[in-house]
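See below for the structure under consideration.
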Amino acid sequence: MNDASWGAFLALLEGKAARYGRTLVKIGRWHPSSQLCPCCGWKIGKLPLKVREWDCRRCGEHHDRDVAAAINILLEGQRIIRATSMTVAAGLAGHGENDCGGQVRPGEATPTLAPPETYDDQAA
């Protein structure tokens with residue numbers, strides 16, 4: 001049941017991102033976002049959940065665990081976007097199509113939704 005709820009939540013986010021022209025980036029499930037120093041990248045390692053703040057042993061910065069995780073998730077998403085952009089650009093640099101006429105990197109299908117202004121009370 002938990003996985004179905006998470007999948008439904010992601011589907012809603014994907015639809016909302018598509019509707020408003022945004023990009024939804026999913027980072028890896030096991031990315032150690034709360035264990036990395038967002039300043040220098042040093043990994044403190046696994047911490048018990050009761051530890052809410054920690055100091056980086058490499059650069060000395062003091063971190064709130066949740067804020068550090070949020071920054072690290074943003075940075076990982078930006079890294080994924082850069083890596084994807086470079087891969088697509090490299091794949092399309094030589095040819096736009098393969099021998100069969102299909103796209104070189106078709107990517108994922110983007111759901112198309114009606115614009116928000118069409119969601120008026122039409123059912124009423």
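If you're wondering about the labels, chains in the structure tokens are A, B, ... by order shown, residues count from 1 in each chain, ligands from 1 in order shown.
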
Tell me, as a list of chain:residue names, which residues lie within 9 Å of stretch 66-69 of chain A, counting only C-alpha atoms; anything in the same chain fewer than 6 positions away does not count.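 These residues fall inside the cut-off: A:Pro32, A:Ser33, A:Ser34, A:Gln35, A:Leu36, A:Cys37, A:Pro38, A:Arg52, A:Glu53.
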
Excluding stretch 23-29 of chain A and residues on its chain fewer than 5 positions from it, collect all residues at most 8 Å away from it, counting only C-alpha atoms, and give them as a list in words.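 Result of the neighbour search: Leu13, Glu14, Ala17, Ala18, Ile73, Glu76, Gly77, Ile80 and Ile81 of chain A.
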
Selection: 8 Å around stretch 39-44 of chain A, only C-alpha atoms, excl. self and same-chain fewer than 4 positions, as an NGL selection string: :A and (35 or 56-59 or 61)

Quick one: DSSP strand (DSSP E) residues in stretch 4-63 of chain A, as a PyMOL selection string? chain A and resi 53-55+62-63

Distance in Å - atom CA of A:Leu49 versus atom CA of A:Trp6: 21.8 Å
